[in-house]
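This report refers to the structure that appears directly beneath it.
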Amino acid sequence: MSIKLEHVSYVYMPGTPYEKEALKDVSLEIKKGEFVAVIGHTGSGKSTLVQNLNGLLHPSKGKASLDGTDLSGKTQEAKQARGRIGMVFQYPEHQLFAETVYEDVAFGPRNLGLGSDETDARVKEAMKFVGLDFETYAQRSPFSLSGGQMRRVAIAGVVAMNPDYLILDEPSAGLDPGSRRAVFAEIMALYKKRGIAIIMVTHSMEDAAKYAKRMLVINKGQIILDGRPGEIFLKEKNRLLEVGMDVPEVYKLADALRAKGLRLPNEITDAKLLLAEVKRRKGLK
Amino acid sequence: MEPVIETQGLKHIYIDADNNQVTALDGIDLQIMPGEFVAVIGANGSGKSTLARHFNALLLPTEGSVKVHGLDTLDENNLWRIRQDTGMVFQNPDNQIVAAIVEEDVAFGPENIGVPTEELRKRVEDALQAVDMLDYREHAPHLLSGGQKQRVAIAGTLALGSNCIVLDEPTAMLDPKGRKEILDTMHKLNREQHITVVYITHFMTEALLADRVIVMSKGKIEFQGTPKEVFSRVDELEKLGLEAPLSAKFAFELRKSGAKLPPGIITNEELAAALA
Amino acid sequence: MLDITLGQYYPGNSFIHRLDPRTKILSTLLLIVAVFLANAAIGYAVLCAMVLFIILLSGLPFMLVLKSVKPLLFIIVLTLVLHAVMGQGEHVLYQWKFIKVTEEGLQLGVQMAMRLILLLMISSILTFTTSPIVLTDGIEALLRPFRIIGVPAHELAMMMTIALRFIPTLMEETDRIIKAQTARGADFSGGNLLVRAKNMLPILVPLFISAFRRADDLAVAMEARCYRGGEGRTRMHQLAYRSGDVMAFVFAFAMIGLLAFLRWGPKLV
């Protein structure tokens with residue numbers, strides 16, 4: 001079970017003065033159950049990449065497929081395959097349209113052709129996942145909610161489609177630290193419970209380090225690094241800085257401590273580990 | 001010295017869509033002095049954006065008063081003077097650019113107040129120079145990066161002659177590179193041109209270099225002080241949905257485990273030095 | 001990232017770019033009159049040469065200007081076909097049952113299509129070489145005398161400026177919303193007109209909400225920058241006629257004269 005890109009290139013507005021090659025010969029496989037972070041600066045091609053991954057954009061060259069089914073096809077089979085890959089865009093609350101939260105979340109399941117009982121069950125489950133109480137919110141207008149709540153409704157709308165692969169473009173953009181933590185807790189719960197694949201575009205090195213098991217670094221339309229976040233942050237710091245990325249704060253803190261003579265193991269990938277190590281070295285409990 | 005902005009018992013009450021009375025600001029007493037760089041932090045809905053709009057007379061007090069350079073915002077005769085002196089930069093870079101060419105957008109403010117053509121050109125050029133966007137003067141704004149658009153918006157306030165700039169979450173929609181551009185630009189303007197800066201953000205790291213940090217919650221000032229004072233209150237920040245820097249959190253935890261550390265650790269280097 | 005070029009400024013510093021906007025607007029009107037004067041192949045040939053000459057002077061890529069025809073391509077082709085099959089005339093080129101294509105009809109169709117293409121290209125040169133704000137300044141200046149009879153010149157001009165500024169932004173937004181709803185399995189193609197209209201709601205509602213939010217933000221931002229209508233406003237770019245403008249007017253009137261001569265004057269051949 002996997003999404004595959006084989007030698008995919010993508011060109012915007014071909015044959016015009018604005019022609020731009022946003023992806024160059026990219027090959028990639030993402031298996032079900034993976035948690036992949038995609039990082040790269042604005043204009044690096046990461047948005048184009050994920051839109052090719054779920055069939056919203058069709059490769060100019062090469063092939064994008066899900067379990068062998070070409071995602072750019074017009075067949076029923078291709079349509080079904082695209083339905084298995086959900087996508088939450090940046091600021092997804094800007095795509096809400098229905099009169100009630102229920103109707104908005106039910107939009108996707110209904111488009112899949114599900115009956116009203118099945119739809120009902122999906123809506124309830126999805127709202128639970130994003131922490132919105134059904135009784136309280138189902139019949140309210142999504143536009144009367146706070147920004148953070150609207151974001152949750154929008155994410156629920158995609159979750160309700162029961163995707164096997166879920167793409168999230170900057171899911172925490174514009175949220176304060178508290179709401180960020182809440183949204184990520186819900187995403188992680190979804191990931192662990194359903195065993196789906198999560199592909200998350202992010203500007204935050206912290207989030208990539210904290211949640212992802214695999215990280216893709218995109219620069220100028222190509223994947224320049226692909227591996228475990230811990231390993232990349234440890235070994236490729238200079239390369240990351242070169243392409244305008246950064247390393248998470250915990251790596252910087254560890255470096256600062258090492259510079260002052262504190263002996264620390266190399267493999268420090270999260271704050272808890274570092275804190276425990278510092279305590280041990282300093283003889284604290 | 002006269003404060004640039006002074007609020008006394010400022011209350012802002014409005015009626016929301018469900019007909020409830022909402023108190024967005026609940027008795028704010030605040031003075032911002034010339035040349036200060038003040039960061040305002042708080043969770044979504046804490047009232048920080050509402051407060052910003054009072055500094056520019058875009059909102060008027062329900063109770064209490066706001067004075068900008070000693071001028072009361074409730075007096076309509078002061079309106080245009082206040083808006084010239086205190087420039088505003090908003091969150092969404094796309095929704096505050098009026099013109100389809102960079103320099104024409106920067107000129108929009110001074111054109112409104114009737115600055116003569118010759119002086120206007122100079123002001124626009126100086127303003128673009130100050131934010132390092134002179135090379136882009138003839139570009140179309142919708143093709144610029146988010147950070148560049150926000151710098152154009154900052155230039156717009158400079159060209160208006162503002163000596164105080166209020167920025168309402170200017171980096172919320174930007175990538176890390178854009179965020180750094182804006183923060184660096186504001187510190188440079190503060191340092192070199194003595195512009196008073198009120199910088200509203202929910203990125204705690206952006207407040208580290210401010211002269212003063214004001215923490216807001218539920219329409220009130222929860223506490224304030226230097227970054228060292230504010231960010232050392234690790235658990236209080238957490239409760240408000242905010243986050244202290246990693247080094248401050250470490251210092252907090254280590255102290256709990258019995259380590260003797262000096263107060264006010266908020267950077268990695270300070271922590272490393274204290275532990276060495 | 002969208003394939004629409006209409007109403008887009010293409011920055012440059014050519015002779016055409018530097019002309020006073022009033023000159024460009026008035027000359028565009030004059031050239032449109034000239035287009036309507038053409039009634040024979042020679043006239044259209046002259047006009048095509050003229051458009052080519054202006055494009056060369058403006059430094060715009062030819063394809064860019066040609067693409068401005070695209071949004072109306074369907075109407076142009078329809079005009080051509082309708083005239084070709086409906087036209088009266090002696091010389092039948094092709095006949096199938098009661099449909100017949102005559103040489104005269106075809107000629108008329110080609111003329112009409114040419115007329116539309118030339119009109120679109122001429123007016124798009126105006127918008128490509130004039131930044132929206134300058135264009136608006138020009139319109140405002142030209143409308144100013146009509147203020148006496150209650151034409152709100154400044155307000156109209158400001159509305160147009162903002163509309164032009166936000167076209168690309170709203171196009172991008174539309175693209176994003178369509179993609180987001182497509183990703184949720186929305187189908188915008190099938191069904192009768194009523195079903196289709198209903199299917200558009202998931203696009204239109206967010207688009208309108210977003211447009212209103214933007215309008216709201218923009219109004220606040222304009223107010224914060226001391227906007228209070230046209231009263232007492234100055235301009236960074238003062239409009240002033242220069243020698244180039246005189247040349248442009250002479251050129252535009254010469255074109256009218258030439259086309260009028262070709263139409264009504266003694267036949268040359």
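Each chain in the structure tokens gets a letter, A, B and so on, in the order shown; residues start at 1 in every chain, and ligands are counted from 1 in the order they appear.
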Kindly provide, as a compact mmCIF listing (two decimals) with all heavy atoms, in the first residue's frame, the residues of chain B having any atom no farther than 10 Å from an atom of chain C, counting only C-alpha atoms.
# COMPACT_ATOMS: atom_id res chain seq x y z
N ARG B 53 -5.89 48.35 17.94
CA ARG B 53 -6.74 49.25 17.17
C ARG B 53 -7.15 50.50 17.94
O ARG B 53 -7.56 51.49 17.33
CB ARG B 53 -7.97 48.49 16.67
CG ARG B 53 -7.55 47.53 15.58
CD ARG B 53 -8.62 46.65 15.07
NE ARG B 53 -7.97 45.69 14.17
CZ ARG B 53 -8.51 45.20 13.09
NH1 ARG B 53 -9.74 45.56 12.76
NH2 ARG B 53 -7.85 44.36 12.33
N ASN B 56 -4.67 53.52 17.33
CA ASN B 56 -4.73 54.23 16.05
C ASN B 56 -6.11 54.86 15.86
O ASN B 56 -6.47 55.30 14.78
CB ASN B 56 -4.44 53.20 14.94
CG ASN B 56 -4.20 53.85 13.60
OD1 ASN B 56 -5.13 53.96 12.81
ND2 ASN B 56 -3.00 54.30 13.34
N ALA B 57 -6.90 54.87 16.94
CA ALA B 57 -8.26 55.42 16.90
C ALA B 57 -9.13 54.72 15.87
O ALA B 57 -10.09 55.30 15.36
CB ALA B 57 -8.24 56.93 16.65
N LEU B 58 -8.80 53.46 15.55
CA LEU B 58 -9.70 52.68 14.68
C LEU B 58 -10.85 52.16 15.51
O LEU B 58 -11.93 51.90 15.01
CB LEU B 58 -8.94 51.51 14.04
CG LEU B 58 -7.95 51.90 12.94
CD1 LEU B 58 -7.07 50.72 12.58
CD2 LEU B 58 -8.66 52.43 11.72
N LEU B 79 -8.19 62.97 15.07
CA LEU B 79 -8.15 61.71 14.35
C LEU B 79 -6.99 61.60 13.36
O LEU B 79 -6.19 60.67 13.40
CB LEU B 79 -9.47 61.52 13.62
CG LEU B 79 -9.84 60.10 13.24
CD1 LEU B 79 -9.91 59.25 14.48
CD2 LEU B 79 -11.19 60.10 12.54
N TRP B 80 -6.88 62.56 12.46
CA TRP B 80 -5.89 62.42 11.37
C TRP B 80 -4.47 62.63 11.87
O TRP B 80 -3.54 61.98 11.40
CB TRP B 80 -6.22 63.37 10.22
CG TRP B 80 -7.63 63.12 9.77
CD1 TRP B 80 -8.69 63.94 9.93
CD2 TRP B 80 -8.13 61.91 9.19
NE1 TRP B 80 -9.83 63.34 9.47
CE2 TRP B 80 -9.52 62.10 9.01
CE3 TRP B 80 -7.56 60.70 8.82
CZ2 TRP B 80 -10.33 61.12 8.46
CZ3 TRP B 80 -8.37 59.72 8.27
CH2 TRP B 80 -9.74 59.93 8.10
N ARG B 81 -4.33 63.49 12.88
CA ARG B 81 -3.02 63.68 13.50
C ARG B 81 -2.55 62.35 14.14
O ARG B 81 -1.44 61.90 13.95
CB ARG B 81 -3.17 64.77 14.58
CG ARG B 81 -1.91 65.26 15.23
CD ARG B 81 -1.07 66.07 14.28
NE ARG B 81 0.19 65.39 14.04
CZ ARG B 81 0.97 65.66 13.02
NH1 ARG B 81 0.63 66.58 12.14
NH2 ARG B 81 2.09 65.01 12.86
N ILE B 82 -3.48 61.70 14.86
CA ILE B 82 -3.15 60.45 15.55
C ILE B 82 -2.76 59.37 14.55
O ILE B 82 -1.79 58.64 14.73
CB ILE B 82 -4.35 59.98 16.41
CG1 ILE B 82 -4.49 60.88 17.64
CG2 ILE B 82 -4.19 58.52 16.83
CD1 ILE B 82 -5.74 60.65 18.43
N ARG B 83 -3.51 59.28 13.48
CA ARG B 83 -3.24 58.22 12.50
C ARG B 83 -1.96 58.45 11.72
O ARG B 83 -1.36 57.51 11.19
CB ARG B 83 -4.43 58.07 11.55
CG ARG B 83 -5.58 57.43 12.27
CD ARG B 83 -6.73 57.08 11.39
NE ARG B 83 -7.79 56.52 12.24
CZ ARG B 83 -9.06 56.49 11.90
NH1 ARG B 83 -9.45 56.97 10.74
NH2 ARG B 83 -9.94 55.96 12.72
N GLN B 84 -1.54 59.73 11.63
CA GLN B 84 -0.24 59.99 11.01
C GLN B 84 0.89 59.59 11.94
O GLN B 84 1.87 59.02 11.52
CB GLN B 84 -0.10 61.49 10.73
CG GLN B 84 -0.66 61.93 9.42
CD GLN B 84 -0.51 63.43 9.29
OE1 GLN B 84 0.59 63.96 9.32
NE2 GLN B 84 -1.63 64.10 9.17
N THR B 86 0.84 57.50 14.52
CA THR B 86 0.90 56.08 14.85
C THR B 86 0.48 55.27 13.64
O THR B 86 -0.68 55.22 13.28
CB THR B 86 -0.05 55.78 16.02
OG1 THR B 86 0.24 56.68 17.07
CG2 THR B 86 0.13 54.36 16.51
N GLY B 87 1.45 54.64 13.00
CA GLY B 87 1.14 53.83 11.82
C GLY B 87 0.75 52.42 12.24
O GLY B 87 1.13 51.96 13.32
N MET B 88 -0.04 51.75 11.39
CA MET B 88 -0.43 50.38 11.72
C MET B 88 -0.05 49.40 10.62
O MET B 88 -0.18 49.71 9.44
CB MET B 88 -1.94 50.30 11.93
CG MET B 88 -2.34 50.83 13.27
SD MET B 88 -3.50 49.85 14.23
CE MET B 88 -3.10 48.21 14.04
N VAL B 89 0.40 48.24 11.03
CA VAL B 89 0.64 47.15 10.08
C VAL B 89 -0.19 45.97 10.57
O VAL B 89 -0.16 45.63 11.75
CB VAL B 89 2.13 46.77 10.03
CG1 VAL B 89 2.36 45.56 9.14
CG2 VAL B 89 2.96 47.95 9.54
N PHE B 90 -0.95 45.38 9.63
CA PHE B 90 -1.89 44.33 10.03
C PHE B 90 -1.36 42.94 9.68
O PHE B 90 -0.32 42.78 9.05
CB PHE B 90 -3.24 44.56 9.35
CG PHE B 90 -3.88 45.85 9.74
CD1 PHE B 90 -3.62 47.01 9.02
CD2 PHE B 90 -4.72 45.94 10.83
CE1 PHE B 90 -4.19 48.22 9.37
CE2 PHE B 90 -5.29 47.13 11.20
CZ PHE B 90 -5.03 48.28 10.47
N GLN B 91 -2.17 41.94 10.07
CA GLN B 91 -1.71 40.57 9.94
C GLN B 91 -1.62 40.08 8.49
O GLN B 91 -0.61 39.52 8.09
CB GLN B 91 -2.69 39.67 10.71
CG GLN B 91 -2.26 38.24 10.76
CD GLN B 91 -3.30 37.35 11.39
OE1 GLN B 91 -4.06 36.67 10.72
NE2 GLN B 91 -3.36 37.35 12.70
N ASN B 92 -2.67 40.29 7.73
CA ASN B 92 -2.72 39.71 6.39
C ASN B 92 -2.05 40.63 5.37
O ASN B 92 -2.57 41.69 5.05
CB ASN B 92 -4.18 39.45 6.00
CG ASN B 92 -4.29 38.61 4.75
OD1 ASN B 92 -3.44 38.71 3.85
ND2 ASN B 92 -5.30 37.80 4.67
N ASP B 94 -1.84 40.56 2.26
CA ASP B 94 -2.58 40.80 1.01
C ASP B 94 -3.68 41.84 1.17
O ASP B 94 -4.07 42.48 0.21
CB ASP B 94 -3.23 39.50 0.53
CG ASP B 94 -2.23 38.65 -0.22
OD1 ASP B 94 -1.46 39.23 -1.00
OD2 ASP B 94 -2.21 37.43 0.00
N ASN B 95 -4.21 41.96 2.39
CA ASN B 95 -5.40 42.78 2.56
C ASN B 95 -5.12 44.21 2.98
O ASN B 95 -6.02 44.93 3.36
CB ASN B 95 -6.33 42.14 3.59
CG ASN B 95 -6.85 40.80 3.10
OD1 ASN B 95 -6.53 40.38 2.00
ND2 ASN B 95 -7.64 40.15 3.91
N GLN B 96 -3.84 44.63 2.97
CA GLN B 96 -3.59 46.03 3.35
C GLN B 96 -2.83 46.78 2.27
O GLN B 96 -2.46 47.92 2.47
CB GLN B 96 -2.85 46.09 4.68
CG GLN B 96 -1.56 45.30 4.70
CD GLN B 96 -0.95 45.28 6.09
OE1 GLN B 96 -0.95 46.27 6.78
NE2 GLN B 96 -0.44 44.13 6.49
N ILE B 97 -2.60 46.13 1.16
CA ILE B 97 -1.93 46.82 0.06
C ILE B 97 -2.98 47.28 -0.93
O ILE B 97 -3.77 46.50 -1.44
CB ILE B 97 -0.88 45.89 -0.58
CG1 ILE B 97 0.25 45.68 0.42
CG2 ILE B 97 -0.36 46.48 -1.88
CD1 ILE B 97 1.37 44.81 -0.06
N VAL B 98 -3.02 48.61 -1.15
CA VAL B 98 -4.09 49.20 -1.93
C VAL B 98 -3.73 49.24 -3.41
O VAL B 98 -4.58 49.00 -4.27
CB VAL B 98 -4.35 50.65 -1.45
CG1 VAL B 98 -5.53 51.25 -2.18
CG2 VAL B 98 -4.55 50.67 0.04
N ALA B 99 -2.47 49.54 -3.70
CA ALA B 99 -2.09 49.81 -5.08
C ALA B 99 -1.43 48.60 -5.73
O ALA B 99 -0.98 47.68 -5.06
CB ALA B 99 -1.13 51.00 -5.12
N ALA B 100 -1.38 48.60 -7.03
CA ALA B 100 -0.83 47.47 -7.77
C ALA B 100 0.65 47.65 -8.08
O ALA B 100 1.22 46.86 -8.82
CB ALA B 100 -1.63 47.25 -9.04
N ILE B 101 1.26 48.71 -7.56
CA ILE B 101 2.70 48.93 -7.72
C ILE B 101 3.25 49.33 -6.35
O ILE B 101 2.64 50.14 -5.65
CB ILE B 101 2.98 50.07 -8.73
CG1 ILE B 101 2.58 49.66 -10.13
CG2 ILE B 101 4.45 50.49 -8.71
CD1 ILE B 101 3.42 48.56 -10.73
N GLU B 103 5.69 51.30 -5.13
CA GLU B 103 5.90 52.69 -4.69
C GLU B 103 4.59 53.48 -4.63
O GLU B 103 4.44 54.38 -3.82
CB GLU B 103 6.93 53.40 -5.58
CG GLU B 103 6.53 53.57 -7.01
CD GLU B 103 7.53 54.45 -7.77
OE1 GLU B 103 8.54 54.85 -7.17
OE2 GLU B 103 7.30 54.71 -8.96
N GLU B 104 3.63 53.08 -5.47
CA GLU B 104 2.35 53.78 -5.41
C GLU B 104 1.60 53.42 -4.13
O GLU B 104 0.85 54.22 -3.59
CB GLU B 104 1.52 53.45 -6.65
CG GLU B 104 2.03 54.22 -7.85
CD GLU B 104 1.46 53.74 -9.17
OE1 GLU B 104 0.60 52.85 -9.17
OE2 GLU B 104 1.90 54.26 -10.21
N ASP B 105 1.82 52.19 -3.67
CA ASP B 105 1.19 51.82 -2.41
C ASP B 105 1.80 52.58 -1.25
O ASP B 105 1.09 53.06 -0.37
CB ASP B 105 1.30 50.32 -2.16
CG ASP B 105 0.50 49.93 -0.93
OD1 ASP B 105 -0.73 49.91 -1.04
OD2 ASP B 105 1.10 49.73 0.14
N VAL B 106 3.12 52.70 -1.25
CA VAL B 106 3.79 53.44 -0.18
C VAL B 106 3.32 54.90 -0.18
O VAL B 106 3.20 55.53 0.86
CB VAL B 106 5.32 53.34 -0.32
CG1 VAL B 106 6.03 54.18 0.73
CG2 VAL B 106 5.76 51.88 -0.21
N ALA B 107 3.04 55.41 -1.38
CA ALA B 107 2.62 56.81 -1.49
C ALA B 107 1.18 57.03 -1.05
O ALA B 107 0.77 58.17 -0.82
CB ALA B 107 2.78 57.28 -2.95
N PHE B 108 0.41 55.95 -0.92
CA PHE B 108 -1.02 56.10 -0.64
C PHE B 108 -1.30 56.94 0.62
O PHE B 108 -2.11 57.86 0.58
CB PHE B 108 -1.66 54.71 -0.51
CG PHE B 108 -3.12 54.73 -0.18
CD1 PHE B 108 -4.06 55.04 -1.16
CD2 PHE B 108 -3.57 54.45 1.11
CE1 PHE B 108 -5.41 55.05 -0.86
CE2 PHE B 108 -4.93 54.47 1.41
CZ PHE B 108 -5.84 54.77 0.42
N GLY B 109 -0.60 56.65 1.71
CA GLY B 109 -0.81 57.39 2.96
C GLY B 109 -0.51 58.87 2.82
O GLY B 109 -1.39 59.71 3.04
N PRO B 110 0.74 59.21 2.44
CA PRO B 110 1.06 60.63 2.30
C PRO B 110 0.19 61.35 1.26
O PRO B 110 -0.10 62.54 1.43
CB PRO B 110 2.54 60.64 1.88
CG PRO B 110 2.93 59.23 1.65
CD PRO B 110 1.93 58.36 2.33
N GLU B 111 -0.25 60.67 0.23
CA GLU B 111 -1.17 61.30 -0.73
C GLU B 111 -2.47 61.71 -0.03
O GLU B 111 -3.01 62.77 -0.28
CB GLU B 111 -1.50 60.33 -1.87
CG GLU B 111 -0.38 60.20 -2.90
CD GLU B 111 -0.71 59.19 -4.01
OE1 GLU B 111 -1.65 58.40 -3.84
OE2 GLU B 111 -0.03 59.20 -5.03
N ASN B 112 -2.92 60.83 0.87
CA ASN B 112 -4.18 61.10 1.58
C ASN B 112 -4.10 62.36 2.44
O ASN B 112 -5.10 63.05 2.60
CB ASN B 112 -4.55 59.93 2.49
CG ASN B 112 -5.04 58.74 1.69
OD1 ASN B 112 -5.55 58.90 0.58
ND2 ASN B 112 -4.85 57.55 2.23
N ILE B 113 -2.91 62.64 3.00
CA ILE B 113 -2.81 63.81 3.86
C ILE B 113 -2.29 65.02 3.10
O ILE B 113 -1.99 66.05 3.69
CB ILE B 113 -1.92 63.55 5.11
CG1 ILE B 113 -0.54 63.05 4.68
CG2 ILE B 113 -2.58 62.55 6.05
CD1 ILE B 113 0.46 63.00 5.81
N GLY B 114 -2.19 64.90 1.77
CA GLY B 114 -1.89 66.05 0.94
C GLY B 114 -0.44 66.50 0.94
O GLY B 114 -0.16 67.69 0.86
N VAL B 115 0.50 65.57 1.04
CA VAL B 115 1.92 65.93 0.96
C VAL B 115 2.23 66.35 -0.48
O VAL B 115 1.86 65.66 -1.42
CB VAL B 115 2.80 64.73 1.35
CG1 VAL B 115 4.27 65.03 1.15
CG2 VAL B 115 2.53 64.33 2.79
N PRO B 116 2.91 67.51 -0.66
CA PRO B 116 3.20 67.97 -2.02
C PRO B 116 4.09 66.96 -2.78
O PRO B 116 4.91 66.27 -2.19
CB PRO B 116 3.96 69.28 -1.80
CG PRO B 116 3.81 69.63 -0.38
CD PRO B 116 3.37 68.43 0.37
N THR B 117 3.92 66.94 -4.09
CA THR B 117 4.55 65.92 -4.94
C THR B 117 6.04 65.74 -4.72
O THR B 117 6.51 64.62 -4.56
CB THR B 117 4.31 66.27 -6.42
OG1 THR B 117 2.91 66.40 -6.58
CG2 THR B 117 4.83 65.18 -7.32
N GLU B 118 6.79 66.85 -4.67
CA GLU B 118 8.25 66.74 -4.55
C GLU B 118 8.65 66.02 -3.27
O GLU B 118 9.43 65.07 -3.28
CB GLU B 118 8.89 68.14 -4.57
CG GLU B 118 9.18 68.66 -5.96
CD GLU B 118 9.88 67.63 -6.85
OE1 GLU B 118 10.96 67.17 -6.47
OE2 GLU B 118 9.32 67.29 -7.91
N GLU B 119 8.06 66.48 -2.16
CA GLU B 119 8.39 65.89 -0.88
C GLU B 119 7.93 64.44 -0.81
O GLU B 119 8.59 63.57 -0.24
CB GLU B 119 7.73 66.70 0.25
CG GLU B 119 8.30 66.34 1.61
CD GLU B 119 7.41 66.79 2.75
OE1 GLU B 119 6.74 67.82 2.61
OE2 GLU B 119 7.38 66.07 3.77
N LEU B 120 6.78 64.19 -1.46
CA LEU B 120 6.20 62.85 -1.46
C LEU B 120 7.17 61.84 -2.06
O LEU B 120 7.41 60.78 -1.51
CB LEU B 120 4.93 62.91 -2.31
CG LEU B 120 3.74 62.10 -1.84
CD1 LEU B 120 2.49 62.59 -2.54
CD2 LEU B 120 3.94 60.64 -2.09
N ARG B 121 7.77 62.22 -3.19
CA ARG B 121 8.72 61.30 -3.84
C ARG B 121 9.86 60.97 -2.92
O ARG B 121 10.28 59.82 -2.82
CB ARG B 121 9.29 61.97 -5.11
CG ARG B 121 8.29 61.98 -6.22
CD ARG B 121 8.97 61.71 -7.56
NE ARG B 121 7.95 61.80 -8.58
CZ ARG B 121 7.79 62.87 -9.35
NH1 ARG B 121 8.64 63.87 -9.30
NH2 ARG B 121 6.81 62.90 -10.22
N LYS B 122 10.34 62.00 -2.23
CA LYS B 122 11.47 61.77 -1.33
C LYS B 122 11.07 60.86 -0.17
O LYS B 122 11.79 59.93 0.19
CB LYS B 122 11.97 63.12 -0.79
CG LYS B 122 13.26 62.98 -0.01
CD LYS B 122 13.89 64.31 0.30
CE LYS B 122 15.08 64.19 1.26
NZ LYS B 122 15.19 62.97 2.04
N VAL B 124 8.73 58.59 -0.11
CA VAL B 124 8.54 57.22 -0.58
C VAL B 124 9.90 56.54 -0.75
O VAL B 124 10.10 55.40 -0.32
CB VAL B 124 7.76 57.20 -1.91
CG1 VAL B 124 7.79 55.82 -2.55
CG2 VAL B 124 6.32 57.64 -1.66
N GLU B 138 9.12 49.29 -8.36
CA GLU B 138 8.16 49.21 -9.46
C GLU B 138 7.55 47.83 -9.63
O GLU B 138 6.94 47.53 -10.65
CB GLU B 138 8.83 49.68 -10.75
CG GLU B 138 9.16 51.15 -10.66
CD GLU B 138 9.68 51.76 -11.93
OE1 GLU B 138 9.81 51.02 -12.92
OE2 GLU B 138 9.95 52.96 -11.92
N HIS B 139 7.73 46.98 -8.63
CA HIS B 139 7.17 45.63 -8.73
C HIS B 139 5.68 45.60 -8.38
O HIS B 139 5.18 46.49 -7.70
CB HIS B 139 7.91 44.69 -7.77
CG HIS B 139 9.18 44.17 -8.33
ND1 HIS B 139 10.20 44.99 -8.75
CD2 HIS B 139 9.61 42.90 -8.55
CE1 HIS B 139 11.20 44.25 -9.19
NE2 HIS B 139 10.87 42.97 -9.09
N ALA B 140 5.02 44.55 -8.86
CA ALA B 140 3.62 44.33 -8.47
C ALA B 140 3.60 43.59 -7.13
O ALA B 140 4.27 42.58 -6.99
CB ALA B 140 2.91 43.50 -9.54
N PRO B 141 2.86 44.11 -6.15
CA PRO B 141 2.91 43.52 -4.81
C PRO B 141 2.50 42.04 -4.77
O PRO B 141 3.03 41.27 -3.99
CB PRO B 141 1.93 44.35 -4.00
CG PRO B 141 1.61 45.53 -4.81
CD PRO B 141 1.99 45.27 -6.21
N HIS B 142 1.55 41.62 -5.62
CA HIS B 142 1.07 40.24 -5.47
C HIS B 142 2.13 39.22 -5.90
O HIS B 142 1.97 38.04 -5.66
CB HIS B 142 -0.25 40.02 -6.21
CG HIS B 142 -0.16 39.95 -7.70
ND1 HIS B 142 -0.24 41.06 -8.50
CD2 HIS B 142 0.03 38.91 -8.52
CE1 HIS B 142 -0.11 40.69 -9.76
NE2 HIS B 142 0.06 39.39 -9.80
N LEU B 143 3.23 39.69 -6.50
CA LEU B 143 4.30 38.76 -6.86
C LEU B 143 5.42 38.73 -5.82
O LEU B 143 6.39 38.01 -5.97
CB LEU B 143 4.86 39.11 -8.23
CG LEU B 143 3.86 39.00 -9.38
CD1 LEU B 143 4.47 39.47 -10.69
CD2 LEU B 143 3.34 37.58 -9.53
N ALA B 153 4.31 47.37 3.62
CA ALA B 153 3.32 47.96 4.53
C ALA B 153 4.01 48.82 5.59
O ALA B 153 3.53 49.90 5.94
CB ALA B 153 2.48 46.87 5.19
N GLY B 156 4.93 52.01 4.14
CA GLY B 156 3.74 52.86 4.02
C GLY B 156 3.53 53.72 5.26
O GLY B 156 3.16 54.89 5.15
N THR B 157 3.80 53.16 6.44
CA THR B 157 3.62 53.95 7.67
C THR B 157 4.74 54.97 7.82
O THR B 157 4.51 56.08 8.27
CB THR B 157 3.60 53.06 8.92
OG1 THR B 157 4.87 52.43 9.06
CG2 THR B 157 2.53 51.98 8.83
N LEU B 160 4.15 57.96 5.80
CA LEU B 160 3.11 58.79 6.39
C LEU B 160 3.69 59.69 7.49
O LEU B 160 3.06 60.62 7.96
CB LEU B 160 2.05 57.86 6.99
CG LEU B 160 0.64 58.32 7.28
CD1 LEU B 160 0.05 59.06 6.10
CD2 LEU B 160 -0.23 57.13 7.62
Residues within 9 Å of segment 13-19 of chain B, only C-alpha atoms, excluding chain neighbours under 4 positions, as a compact mmCIF listing (two decimals) with N, CA, C and O atoms, in the first residue's frame:
# COMPACT_ATOMS: atom_id res chain seq x y z
N SER A 144 -19.99 30.97 13.31
CA SER A 144 -20.14 31.61 14.62
C SER A 144 -19.07 31.10 15.59
O SER A 144 -19.05 31.48 16.74
N THR B 23 -16.76 41.70 26.81
CA THR B 23 -15.77 42.68 27.26
C THR B 23 -14.41 42.28 26.69
O THR B 23 -13.76 41.37 27.19
N ALA B 24 -14.00 42.95 25.62
CA ALA B 24 -12.75 42.58 24.95
C ALA B 24 -11.55 43.16 25.69
O ALA B 24 -10.49 42.55 25.73
N LEU B 25 -11.72 44.35 26.25
CA LEU B 25 -10.66 44.96 27.05
C LEU B 25 -11.28 45.39 28.37
O LEU B 25 -12.34 46.00 28.40
N ASP B 26 -10.60 45.05 29.45
CA ASP B 26 -11.22 45.22 30.75
C ASP B 26 -10.30 46.00 31.68
O ASP B 26 -9.61 45.44 32.52
N PRO B 61 -12.72 53.99 22.92
CA PRO B 61 -13.01 53.39 24.22
C PRO B 61 -14.50 53.41 24.57
O PRO B 61 -15.18 54.39 24.26
N THR B 62 -14.99 52.30 25.15
CA THR B 62 -16.33 52.30 25.72
C THR B 62 -16.28 53.06 27.05
O THR B 62 -17.18 53.82 27.39
N GLU B 63 -15.19 52.80 27.78
CA GLU B 63 -14.94 53.54 29.02
C GLU B 63 -13.45 53.84 29.08
O GLU B 63 -12.66 53.15 28.46
